[in-house]
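A.B. asks: Input file: entry.csv. Contents: CSV, C-alpha atoms.
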```csv
chain,number,residue,atom,x,y,z
A,19,MET,CA,-143.4,27.0,-17.0
A,20,SER,CA,-144.6,23.7,-18.3
A,21,ALA,CA,-142.1,21.0,-19.4
A,22,PRO,CA,-140.1,22.4,-22.4
A,23,PHE,CA,-140.6,19.1,-24.3
A,24,PRO,CA,-143.7,17.0,-23.8
A,25,PRO,CA,-143.0,13.9,-21.7
A,26,GLY,CA,-142.3,10.8,-23.8
A,27,VAL,CA,-141.6,12.6,-27.0
A,28,SER,CA,-138.6,11.2,-28.7
A,29,TYR,CA,-135.5,13.0,-30.0
A,30,ALA,CA,-136.5,12.6,-33.6
A,31,ASP,CA,-140.0,13.9,-33.0
A,32,GLY,CA,-139.4,16.3,-30.1
A,33,LEU,CA,-136.3,18.4,-30.8
A,34,PRO,CA,-137.4,21.5,-32.8
A,35,ALA,CA,-135.5,22.4,-35.9
A,36,LEU,CA,-133.9,25.8,-35.8
A,37,ALA,CA,-133.1,28.1,-38.8
A,38,THR,CA,-130.2,30.6,-38.9
A,39,PRO,CA,-129.3,32.8,-41.9
A,40,ARG,CA,-127.0,30.1,-43.3
A,41,LEU,CA,-127.7,26.9,-41.3
A,42,ALA,CA,-130.5,24.5,-40.6
A,43,LEU,CA,-130.2,22.9,-37.1
A,44,ARG,CA,-132.1,19.7,-36.6
A,45,ALA,CA,-132.0,16.3,-34.8
A,46,LEU,CA,-129.5,13.8,-36.1
A,47,THR,CA,-130.8,10.7,-37.8
A,48,GLU,CA,-129.4,7.4,-39.0
A,49,ALA,CA,-128.9,8.9,-42.4
A,50,ASP,CA,-126.4,11.3,-40.9
A,51,ASP,CA,-124.1,8.6,-39.5
A,52,ALA,CA,-121.7,8.6,-42.4
A,53,ALA,CA,-121.4,12.4,-42.2
A,54,ILE,CA,-120.8,12.2,-38.4
A,55,LEU,CA,-118.0,9.7,-39.0
A,56,ALA,CA,-116.5,11.9,-41.7
A,57,MET,CA,-116.5,14.9,-39.3
A,58,LEU,CA,-115.2,13.1,-36.2
A,59,SER,CA,-112.6,10.9,-38.0
A,60,ASP,CA,-110.6,14.0,-38.5
A,61,PRO,CA,-107.9,13.9,-35.8
A,62,GLY,CA,-107.9,17.7,-35.1
A,63,THR,CA,-111.7,17.9,-34.9
A,64,ALA,CA,-111.9,14.9,-32.7
A,65,ALA,CA,-109.1,16.3,-30.4
A,66,GLY,CA,-111.0,19.6,-30.1
A,67,TRP,CA,-114.1,17.6,-29.1
A,68,GLY,CA,-112.1,15.6,-26.5
A,69,VAL,CA,-112.4,12.3,-28.2
A,70,ALA,CA,-110.2,9.9,-30.1
A,71,PRO,CA,-110.8,10.0,-33.8
A,72,PHE,CA,-113.8,7.8,-34.9
A,73,THR,CA,-112.7,4.9,-37.1
A,74,GLY,CA,-115.9,3.2,-38.1
A,75,LEU,CA,-119.6,3.8,-38.8
A,76,SER,CA,-120.6,1.9,-35.7
A,77,GLN,CA,-118.9,4.6,-33.6
A,78,ALA,CA,-120.9,7.3,-35.4
A,79,ALA,CA,-124.1,5.3,-34.9
A,80,ASP,CA,-123.3,4.8,-31.2
A,81,TYR,CA,-122.7,8.5,-30.8
A,82,ARG,CA,-126.0,9.4,-32.5
A,83,ARG,CA,-127.9,7.0,-30.4
A,84,ARG,CA,-126.4,8.5,-27.3
A,85,GLN,CA,-127.7,11.9,-28.3
A,86,GLU,CA,-131.1,10.3,-28.6
A,87,ALA,CA,-130.7,8.8,-25.1
A,88,VAL,CA,-129.6,12.2,-23.6
A,89,PHE,CA,-132.6,13.9,-25.1
A,90,ASP,CA,-134.9,11.1,-23.9
A,91,ALA,CA,-133.6,11.6,-20.3
A,92,ARG,CA,-134.1,15.4,-20.9
A,93,SER,CA,-130.5,16.0,-19.8
A,94,GLY,CA,-129.5,17.6,-23.0
A,95,ALA,CA,-130.2,18.4,-26.7
A,96,THR,CA,-128.1,17.9,-29.8
A,97,TRP,CA,-128.6,19.5,-33.2
A,98,GLY,CA,-126.7,18.8,-36.4
A,99,ALA,CA,-125.8,22.0,-38.2
A,100,PHE,CA,-126.4,21.7,-42.0
A,101,GLU,CA,-125.2,24.1,-44.6
A,102,ALA,CA,-126.9,23.6,-48.0
A,103,GLY,CA,-128.0,20.1,-46.8
A,104,ARG,CA,-124.5,19.1,-45.7
A,105,LEU,CA,-123.6,18.3,-42.1
A,106,VAL,CA,-120.9,20.8,-41.1
A,107,GLY,CA,-121.1,20.8,-37.3
A,108,LEU,CA,-122.8,20.0,-34.1
A,109,VAL,CA,-124.3,22.3,-31.4
A,110,LEU,CA,-125.5,20.8,-28.1
A,111,PHE,CA,-126.4,21.2,-24.5
A,112,VAL,CA,-125.4,18.6,-21.9
A,113,ARG,CA,-126.0,18.5,-18.1
A,114,TRP,CA,-129.3,20.3,-18.5
A,115,THR,CA,-131.1,20.6,-15.2
A,116,LEU,CA,-134.7,21.9,-15.1
A,117,LEU,CA,-134.5,22.3,-11.3
A,118,HIS,CA,-131.5,24.7,-11.5
A,119,ARG,CA,-132.3,26.0,-15.0
A,120,ARG,CA,-128.8,25.4,-16.2
A,121,ALA,CA,-127.2,23.7,-19.2
A,122,GLU,CA,-123.7,23.3,-20.7
A,123,LEU,CA,-123.1,24.4,-24.3
A,124,GLY,CA,-120.8,22.7,-26.8
A,125,TYR,CA,-120.2,23.2,-30.5
A,126,LEU,CA,-118.1,21.7,-33.2
A,127,LEU,CA,-117.4,22.6,-36.8
A,128,ALA,CA,-115.8,20.5,-39.6
A,129,PRO,CA,-112.4,22.0,-40.6
A,130,ASP,CA,-113.6,23.3,-44.0
A,131,ALA,CA,-116.6,25.1,-42.4
A,132,ARG,CA,-114.5,27.2,-40.0
A,133,GLY,CA,-113.6,30.9,-40.2
A,134,ARG,CA,-116.9,32.1,-41.5
A,135,GLY,CA,-118.8,32.7,-38.3
A,136,LEU,CA,-120.9,29.5,-38.5
A,137,ALA,CA,-120.1,28.4,-35.0
A,138,THR,CA,-121.3,31.7,-33.6
A,139,GLU,CA,-124.4,31.5,-35.7
A,140,ALA,CA,-125.3,28.0,-34.6
A,141,ALA,CA,-124.4,28.6,-30.9
A,142,ARG,CA,-126.4,31.9,-30.9
A,143,ALA,CA,-129.5,30.1,-32.2
A,144,ALA,CA,-129.1,27.2,-29.7
A,145,VAL,CA,-128.6,29.6,-26.8
A,146,ALA,CA,-131.6,31.7,-27.8
A,147,PHE,CA,-133.7,28.5,-27.9
A,148,ALA,CA,-132.4,27.4,-24.5
A,149,PHE,CA,-133.4,30.7,-22.9
A,150,ASP,CA,-136.7,31.0,-24.7
A,151,ALA,CA,-137.9,27.4,-24.9
A,152,MET,CA,-136.0,25.3,-22.4
A,153,ASP,CA,-136.4,27.6,-19.4
A,154,VAL,CA,-132.7,27.8,-19.0
A,155,TRP,CA,-131.3,30.7,-16.9
A,156,ARG,CA,-127.5,30.0,-17.0
A,157,VAL,CA,-125.6,28.5,-19.9
A,158,GLU,CA,-122.0,27.3,-19.2
A,159,ALA,CA,-119.3,26.5,-21.6
A,160,GLU,CA,-115.8,25.2,-21.2
A,161,THR,CA,-112.8,25.2,-23.5
A,162,THR,CA,-109.0,24.9,-23.2
A,163,PRO,CA,-106.8,28.0,-22.8
A,164,HIS,CA,-105.3,27.7,-26.3
A,165,ASN,CA,-108.6,27.3,-28.1
A,166,LEU,CA,-109.0,31.0,-28.9
A,167,ALA,CA,-111.5,30.4,-31.7
A,168,SER,CA,-113.9,28.8,-29.3
A,169,GLN,CA,-113.4,31.6,-26.7
A,170,ALA,CA,-114.1,34.2,-29.5
A,171,VAL,CA,-117.4,32.5,-30.2
A,172,MET,CA,-118.3,32.8,-26.5
A,173,ARG,CA,-117.3,36.4,-26.2
A,174,ARG,CA,-119.3,37.3,-29.3
A,175,LEU,CA,-122.4,35.9,-27.7
A,176,GLY,CA,-121.8,37.8,-24.4
A,177,PHE,CA,-120.4,35.0,-22.3
A,178,MET,CA,-118.3,36.1,-19.3
A,179,PHE,CA,-115.1,34.3,-18.2
A,180,GLU,CA,-115.5,32.9,-14.7
A,181,ALA,CA,-112.7,30.6,-13.8
A,182,ARG,CA,-109.6,28.8,-15.0
A,183,LEU,CA,-110.0,25.3,-13.6
A,184,ALA,CA,-106.6,23.6,-13.1
A,185,GLN,CA,-105.9,20.4,-15.1
A,186,ARG,CA,-109.6,19.6,-15.5
A,187,ILE,CA,-109.4,18.2,-19.0
A,188,GLY,CA,-107.5,15.0,-19.5
A,189,GLY,CA,-106.2,15.8,-23.0
A,190,ILE,CA,-104.5,13.4,-25.2
A,191,ALA,CA,-101.2,15.2,-24.6
A,192,GLY,CA,-101.7,15.4,-20.8
A,193,PRO,CA,-104.0,17.4,-18.5
A,194,GLU,CA,-105.1,20.8,-19.6
A,195,ASP,CA,-106.8,23.6,-17.8
A,196,SER,CA,-110.4,24.4,-18.5
A,197,MET,CA,-111.6,27.9,-19.1
A,198,LEU,CA,-115.1,28.2,-17.7
A,199,PHE,CA,-117.5,30.8,-19.2
A,200,ARG,CA,-121.1,31.6,-18.4
A,201,LEU,CA,-124.0,33.4,-19.9
A,202,LEU,CA,-127.0,34.4,-17.9
A,203,ARG,CA,-130.3,35.0,-19.6
A,204,PRO,CA,-130.4,38.8,-18.8
A,205,GLU,CA,-126.9,39.1,-20.1
A,206,PHE,CA,-127.9,37.5,-23.4
A,207,ASP,CA,-130.9,39.8,-23.6
A,208,VAL,CA,-128.6,42.7,-23.6
A,209,VAL,CA,-126.6,41.2,-26.5
A,210,ARG,CA,-129.8,40.4,-28.4
A,211,VAL,CA,-131.1,43.9,-28.1
A,212,GLU,CA,-127.8,45.7,-28.9
A,213,PHE,CA,-126.6,43.3,-31.6
A,214,PRO,CA,-129.8,41.7,-33.1
B,5,MET,CA,-116.6,15.4,-18.8
B,6,PRO,CA,-118.8,12.9,-16.9
B,7,ALA,CA,-119.9,9.6,-18.3
B,8,ASP,CA,-123.1,11.1,-19.5
B,9,ASP,CA,-121.3,13.7,-21.6
B,10,ALA,CA,-122.8,13.5,-25.0
B,11,ARG,CA,-119.5,14.5,-26.7
B,12,LEU,CA,-117.7,11.4,-25.6
B,13,PRO,CA,-118.0,8.1,-27.4
B,14,SER,CA,-118.9,5.1,-25.2
B,15,ALA,CA,-116.1,4.5,-22.7
B,16,PRO,CA,-114.3,1.3,-23.6
B,17,ALA,CA,-115.4,-1.6,-21.5
B,18,THR,CA,-113.1,-2.0,-18.6
B,19,ALA,CA,-113.2,-4.1,-15.5
B,20,ASP,CA,-115.2,-2.5,-12.6
B,21,PRO,CA,-112.6,-1.8,-10.0
B,22,PHE,CA,-115.3,-1.6,-7.3
B,23,ALA,CA,-117.2,-4.8,-8.0
B,24,GLY,CA,-116.7,-5.8,-4.4
B,25,GLY,CA,-118.9,-2.9,-3.2
B,26,LEU,CA,-118.3,0.5,-1.8
B,27,PRO,CA,-115.2,0.1,0.4
B,28,ALA,CA,-115.4,1.1,4.0
B,29,LEU,CA,-112.9,3.8,4.9
B,30,ASP,CA,-111.4,4.7,8.3
B,31,GLY,CA,-110.5,8.2,9.4
B,32,ALA,CA,-108.9,9.1,12.6
B,33,ARG,CA,-112.2,9.1,14.4
B,34,VAL,CA,-114.8,8.4,11.8
B,35,ARG,CA,-115.7,5.2,9.9
B,36,LEU,CA,-117.3,5.5,6.5
B,37,ARG,CA,-119.5,2.7,5.1
B,38,MET,CA,-122.2,2.0,2.6
B,39,PRO,CA,-125.6,3.4,3.7
B,40,THR,CA,-128.3,0.8,4.3
B,41,PRO,CA,-132.1,1.1,4.5
B,42,ALA,CA,-131.7,1.1,8.3
B,43,ASP,CA,-130.0,4.5,8.0
B,44,ALA,CA,-133.2,6.3,7.0
B,45,ASP,CA,-133.7,7.8,10.5
B,46,GLY,CA,-130.1,9.0,10.5
B,47,ILE,CA,-130.5,10.5,7.0
B,48,LEU,CA,-133.7,12.3,8.1
B,49,ALA,CA,-131.8,13.8,11.1
B,50,VAL,CA,-129.1,15.2,8.7
B,51,PHE,CA,-131.1,16.0,5.6
B,52,GLY,CA,-134.5,16.8,7.2
B,53,ASP,CA,-133.1,19.6,9.3
B,54,PRO,CA,-133.9,22.9,7.5
B,55,ASP,CA,-131.1,24.7,9.4
B,56,ASN,CA,-128.6,22.2,8.2
B,57,LEU,CA,-129.6,22.4,4.5
B,58,GLN,CA,-129.4,26.1,3.9
B,59,TYR,CA,-126.4,25.6,1.7
B,60,TRP,CA,-127.5,22.3,0.1
B,61,SER,CA,-128.6,22.0,-3.5
B,62,HIS,CA,-132.1,21.0,-2.5
B,63,GLY,CA,-134.5,21.7,0.4
B,64,PRO,CA,-134.9,19.5,3.5
B,65,LEU,CA,-136.4,16.0,3.3
B,66,PRO,CA,-140.0,16.2,4.6
B,67,ASP,CA,-140.4,12.8,6.3
B,68,ARG,CA,-139.0,9.3,6.9
B,69,ALA,CA,-140.5,8.0,3.6
B,70,ALA,CA,-138.5,10.7,1.7
B,71,ALA,CA,-135.4,9.7,3.7
B,72,ALA,CA,-136.0,6.0,2.8
B,73,GLN,CA,-136.3,7.1,-0.8
B,74,TYR,CA,-133.1,9.1,-0.5
B,75,VAL,CA,-131.2,6.0,0.8
B,76,ALA,CA,-132.6,4.0,-2.1
B,77,GLY,CA,-131.3,6.7,-4.5
B,78,ILE,CA,-127.8,6.5,-2.8
B,79,ARG,CA,-127.8,2.7,-3.4
B,80,ASP,CA,-129.0,3.1,-7.0
B,81,GLY,CA,-126.4,5.7,-7.7
B,82,TRP,CA,-123.7,3.3,-6.4
B,83,HIS,CA,-124.9,0.5,-8.5
B,84,GLY,CA,-124.6,2.7,-11.6
B,85,ARG,CA,-121.2,4.0,-10.2
B,86,SER,CA,-122.4,7.5,-10.6
B,87,LEU,CA,-122.5,8.2,-6.8
B,88,PHE,CA,-120.1,7.2,-4.1
B,89,GLN,CA,-121.9,8.3,-0.9
B,90,TRP,CA,-120.6,7.0,2.4
B,91,ALA,CA,-122.4,7.0,5.7
B,92,ILE,CA,-120.3,8.9,8.3
B,93,THR,CA,-120.3,7.0,11.6
B,94,VAL,CA,-118.3,7.6,14.8
B,95,PRO,CA,-117.2,4.3,16.3
B,96,PRO,CA,-118.0,2.5,18.4
B,97,ALA,CA,-121.4,3.6,17.3
B,98,ASP,CA,-122.5,2.6,13.9
B,99,ASP,CA,-125.4,5.0,13.3
B,100,LEU,CA,-125.3,7.4,10.4
B,101,VAL,CA,-124.5,11.0,11.5
B,102,GLY,CA,-123.7,12.4,8.1
B,103,THR,CA,-122.6,11.5,4.6
B,104,VAL,CA,-119.6,12.3,2.4
B,105,THR,CA,-119.9,11.9,-1.3
B,106,LEU,CA,-118.0,11.7,-4.5
B,107,PHE,CA,-120.2,12.3,-7.5
B,108,ALA,CA,-120.0,13.3,-11.2
B,109,TRP,CA,-117.2,10.7,-11.5
B,110,ASP,CA,-115.6,11.2,-15.0
B,111,ARG,CA,-113.4,8.3,-15.7
B,112,ALA,CA,-112.0,9.7,-19.0
B,113,HIS,CA,-110.9,12.9,-17.3
B,114,ARG,CA,-110.1,11.3,-13.9
B,115,ARG,CA,-112.1,13.8,-11.8
B,116,ALA,CA,-115.1,13.9,-9.5
B,117,GLU,CA,-116.9,16.3,-7.2
B,118,ILE,CA,-117.0,16.1,-3.4
B,119,GLY,CA,-119.8,16.9,-1.0
B,120,PHE,CA,-120.4,16.4,2.7
B,121,ALA,CA,-123.1,16.9,5.3
B,122,LEU,CA,-123.1,16.3,9.1
B,123,ARG,CA,-125.8,16.3,11.7
B,124,ARG,CA,-125.9,19.8,13.1
B,125,ASP,CA,-125.3,18.9,16.7
B,126,LEU,CA,-122.0,17.4,15.7
B,127,HIS,CA,-120.6,20.4,13.9
B,128,GLY,CA,-117.4,22.0,15.0
B,129,GLN,CA,-115.5,18.9,16.1
B,130,GLY,CA,-113.6,18.2,12.9
B,131,LEU,CA,-115.6,15.1,12.0
B,132,ALA,CA,-116.5,16.2,8.5
B,133,GLY,CA,-112.8,17.2,7.9
B,134,ASP,CA,-111.8,13.7,9.1
B,135,ALA,CA,-114.3,12.1,6.7
B,136,VAL,CA,-113.1,14.3,3.8
B,137,ARG,CA,-109.5,13.4,4.5
B,138,ALA,CA,-110.3,9.7,4.3
B,139,VAL,CA,-112.3,10.1,1.1
B,140,LEU,CA,-109.5,12.1,-0.6
B,141,ALA,CA,-107.1,9.3,0.2
B,142,PHE,CA,-109.5,7.0,-1.6
B,143,ALA,CA,-110.1,9.4,-4.5
B,144,PHE,CA,-106.4,9.9,-5.2
B,145,GLY,CA,-105.6,6.3,-4.3
B,146,PRO,CA,-107.8,3.4,-5.5
B,147,MET,CA,-110.0,5.6,-7.6
B,148,ALA,CA,-107.0,7.2,-9.3
B,149,LEU,CA,-108.5,10.6,-9.7
B,150,HIS,CA,-106.4,13.5,-10.8
B,151,ARG,CA,-108.8,16.3,-9.7
B,152,VAL,CA,-111.4,16.5,-6.9
B,153,GLU,CA,-113.7,19.6,-7.2
B,154,ALA,CA,-116.1,21.3,-4.9
B,155,ASP,CA,-118.8,23.9,-5.4
B,156,VAL,CA,-119.7,25.8,-2.2
B,157,ASP,CA,-122.1,28.5,-1.3
B,158,PRO,CA,-120.0,31.7,-0.7
B,159,ASP,CA,-121.8,32.2,2.6
B,160,ASN,CA,-120.8,28.7,3.8
B,161,ALA,CA,-117.8,29.7,5.8
B,162,SER,CA,-117.3,26.5,7.6
B,163,SER,CA,-117.3,24.3,4.5
B,164,LEU,CA,-114.9,26.8,2.8
B,165,GLY,CA,-112.6,26.6,5.8
B,166,LEU,CA,-112.7,22.8,5.9
B,167,LEU,CA,-111.8,22.5,2.2
B,168,ALA,CA,-109.0,25.1,2.6
B,169,ARG,CA,-107.6,23.0,5.5
B,170,ARG,CA,-107.7,20.0,3.2
B,171,GLY,CA,-105.7,21.7,0.5
B,172,PHE,CA,-108.4,22.9,-1.9
B,173,ARG,CA,-107.7,26.0,-3.8
B,174,ARG,CA,-110.3,28.6,-4.9
B,175,GLU,CA,-110.5,28.8,-8.6
B,176,GLY,CA,-113.4,31.0,-9.3
B,177,TYR,CA,-116.8,32.4,-8.5
B,178,ALA,CA,-119.8,31.3,-10.6
B,179,ARG,CA,-122.8,33.5,-10.6
B,180,GLU,CA,-126.4,32.2,-10.2
B,181,ARG,CA,-125.5,28.5,-10.5
B,182,TRP,CA,-128.1,27.0,-8.1
B,183,PHE,CA,-131.8,27.8,-7.7
B,184,THR,CA,-132.7,26.9,-4.1
B,185,TYR,CA,-135.3,28.2,-1.7
B,186,GLY,CA,-136.8,30.3,-4.4
B,187,THR,CA,-133.6,32.3,-5.0
B,188,TRP,CA,-130.4,32.2,-7.0
B,189,LYS,CA,-127.2,31.2,-5.2
B,190,HIS,CA,-123.7,31.8,-6.4
B,191,SER,CA,-120.8,29.3,-6.1
B,192,VAL,CA,-117.2,29.3,-5.1
B,193,LEU,CA,-115.4,26.7,-7.2
B,194,LEU,CA,-112.5,24.9,-5.6
B,195,ALA,CA,-110.3,22.0,-6.5
B,196,ARG,CA,-107.5,19.9,-5.2
B,197,LEU,CA,-105.2,17.9,-7.6
B,198,ALA,CA,-103.5,14.6,-7.0
B,199,THR,CA,-100.2,16.3,-7.3
B,200,ASP,CA,-100.9,19.0,-4.7
B,201,PRO,CA,-99.0,18.5,-1.4
B,202,GLU,CA,-100.8,17.0,1.5
B,203,PRO,CA,-101.6,20.0,3.8
```
As C-alpha cells, what does this structure read like?

C.D. replies:
Amino acid sequence: MSAPFPPGVSYADGLPALATPRLALRALTEADDAAILAMLSDPGTAAGWGVAPFTGLSQAADYRRRQEAVFDARSGATWGAFEAGRLVGLVLFVRWTLLHRRAELGYLLAPDARGRGLATEAARAAVAFAFDAMDVWRVEAETTPHNLASQAVMRRLGFMFEARLAQRIGGIAGPEDSMLFRLLRPEFDVVRVEFP
Amino acid sequence: MPADDARLPSAPATADPFAGGLPALDGARVRLRMPTPADADGILAVFGDPDNLQYWSHGPLPDRAAAAQYVAGIRDGWHGRSLFQWAITVPPADDLVGTVTLFAWDRAHRRAEIGFALRRDLHGQGLAGDAVRAVLAFAFGPMALHRVEADVDPDNASSLGLLARRGFRREGYARERWFTYGTWKHSVLLARLATDPEP
C-alpha cells in the first residue's frame, strides 16, 4: 500500500474530513482555538483527558499546533467533531506506526454532548478510516477502570479487553490502572457487516 | 502517555536531570555506558545476527554502515531524552556485547519501557539479568519512575524468565501487536512497579 497521506502534505490540507450521520469530523484550525479552550477548561473533561484544565487561549493554540506536528510526523491524526458547526469533541489516533500497522485511539466529548451516542459515532468513523485508509491492522485504546462510558463505546465498536495494567496512569488523585482494549481489522469487519 | 502524546499539553519546562550525560551504571559483573561510534562492530555482532533477532521488533542490521547508523540513532534518541540505551560491557573489557534500553519515557505518568539484547555467544550467564537489575535501580532511583513495562514475544522463554526473576508480573496478552518477518506476533505485557518488593 502506498503512503496513506502524501509526503509533505500538511495537517490542514492532508487530513480528510469525515462525515457521520450527526457529526462532521475535520482538522482543527486556528479558528477553533476558543472552542478547544472552552472544552478543555472544564475540569471534569480535562481530567478524563488526563490533563490539567486549560486556563488560556495560548494553551489551546499550543494543543492545536501539536496536533499539526503529530500529523506532520505521520505519528497520529486528530479530528475535531462538529455538530451543527459547533465543536463538541475530539477523536484522534496517536502512536501510529506504519511498520507495525498500529495506532492508539482516543476520544473526548464536551459534557453537554454526552449520552447521545456521539462518541461511538465519531470513534466508529475514525476507526473505519484507520482500517480503510491508514493501513492500520490493530487499534488500541486505554481508559481507567471507572470510566464505564468510554468502555461502553469500545465494546459497541467490537473492541476486546486485553489487560488491566497496574498503576499505568498518573491521575491527579494518584496512580490509576489502565484498561487496555484492542480491535483488529478483521474483528471490526464483523461488526461492520453485522451492525452496519 | 509518552511525551509525544497528543492529548497532553506541553510539559512544563523543568530542568533536565540528565544534562550531564547518560550515567554509567555498574552491575555485579557488567558495566553500562553510553554507546559511541566505535561500538558499531559490537552493535553489528548483536543486532546483525538473525538468530539473535527473532524476537526483536525489526529484522537484523545488514552491514556495518547500518550498525553505525543505529549507533547514531541511539545518540540522537539520547539527546532528545526519548531513548536511554546503554552499551553492556563486561569489565575489564570495554567492548559492547549488548544493550539495555529504557524508552517511551513518559515523564507525566512516570513510566518507561525496558528492552535488552545480548550477543548470542554470551547468553545463559546471567549478564542480561545483571544489566536489567542495574537499569531498574536507575529507573526507580534517579529517574523516579513508578512503572517499568515490557512487551515480550510469547515464545521468548528466556526473556520472560529473566523478567520474572527481576520481579515483573504478567498483565496481559496482546494479539497481533508487531508485524515482523512478514508475520504477526503477539505480545506478553509485563510490568514492575516502584512499590513492588525487590525479588

A.B. asks: With distances taken over all atoms listed in the file, which residue among A:Ala30, A:Ala42, A:Ala141, A:Ala78 lies nearest chain B?

C.D. replies: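 Going through A:Ala30, A:Ala42, A:Ala141, A:Ala78 one by one, the smallest distance to chain B is for A:Ala78.
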
A.B. asks: Between CA of Thr63 in chain A and CA of Glu194 in chain A, measure the distance and give it in Å to one decimal.

C.D. replies: 16.9 Å

A.B. asks: Extract, using all atoms listed in the file, all DNA, RNA and protein residues at most 8 Å from Gln89 in chain B, discarding same-chain residues fewer than 6 positions from it, and format them as a PyMOL selection string.

C.D. replies: chain B and resi 38-39+78+82+103-107

A.B. asks: Any idea what the distance is between CA of Ala159 in chain A and CA of Glu86 in chain A?

C.D. replies: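 CA of Ala159 in chain A sits 21.2 Å away from CA of Glu86 in chain A.
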
A.B. asks: Using only C-alpha atoms, what does the table of chain A residues within 8 Å of chain B look like, with each row giving the shortest atom pair and its distance in Å to one decimal, sorted by chain and ascending number, as a Markdown table?

C.D. replies:
```
| residue | atom | partner | partner_atom | distance |
| --- | --- | --- | --- | --- |
| A:Trp67 | CA | B:Arg11 | CA | 6.7 |
| A:Gly68 | CA | B:Leu12 | CA | 7.1 |
| A:Val69 | CA | B:Leu12 | CA | 6.0 |
| A:Gln77 | CA | B:Pro13 | CA | 7.2 |
| A:Asp80 | CA | B:Pro13 | CA | 7.3 |
| A:Tyr81 | CA | B:Pro13 | CA | 5.8 |
| A:Arg84 | CA | B:Ala10 | CA | 6.6 |
| A:Gln85 | CA | B:Ala10 | CA | 6.1 |
| A:Val88 | CA | B:Ala10 | CA | 7.1 |
| A:Val112 | CA | B:Asp9 | CA | 6.4 |
| A:Arg113 | CA | B:Asp9 | CA | 7.6 |
| A:Leu117 | CA | B:Phe183 | CA | 7.1 |
| A:His118 | CA | B:Phe183 | CA | 4.9 |
| A:Arg119 | CA | B:Phe183 | CA | 7.5 |
| A:Arg120 | CA | B:Arg181 | CA | 7.3 |
| A:Arg156 | CA | B:Arg181 | CA | 7.0 |
| A:Glu180 | CA | B:Gly176 | CA | 6.1 |
| A:Ala181 | CA | B:Gly176 | CA | 4.6 |
| A:Arg182 | CA | B:Glu175 | CA | 6.5 |
| A:Leu183 | CA | B:Glu175 | CA | 6.1 |
| A:Ala184 | CA | B:Ala195 | CA | 7.7 |
| A:Gln185 | CA | B:Arg151 | CA | 7.4 |
| A:Arg186 | CA | B:Arg151 | CA | 6.7 |
| A:Ile187 | CA | B:His113 | CA | 5.8 |
| A:Gly188 | CA | B:His113 | CA | 4.6 |
| A:Gly189 | CA | B:His113 | CA | 7.9 |
| A:Arg200 | CA | B:Ala178 | CA | 7.9 |
```

A.B. asks: What is the distance, in Å and to one decimal place, between CA of Pro66 in chain B and CA of Arg123 in chain B?

C.D. replies: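 Spanning CA of Pro66 in chain B to CA of Arg123 in chain B is a straight-line distance of 15.9 Å.
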
A.B. asks: Rank nothing, just name the residue among A:Asp90, A:Tyr29, A:Arg40, A:Ala65 nearest to Asn165 in chain A, using only C-alpha atoms.

C.D. replies: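 Result for the nearest residue to Asn165 in chain A: A:Ala65.
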
A.B. asks: Which residues are near Leu167 in chain B? Cut-off 12 Å, only C-alpha atoms, ignore same chain within fewer than 4 positions. Put them as a ChimeraX atom specification.

C.D. replies: /B:118-120,130,132-137,140,152-156,160-163,171-174,192-196,203

A.B. asks: Tell me, as an MDAnalysis selection string, which residues lie within 7 Å of Leu65 in chain B, counting all atoms listed in the file; anything in the same chain fewer than 6 positions away does not count.

C.D. replies: chainID B and resid 48 51:52 71
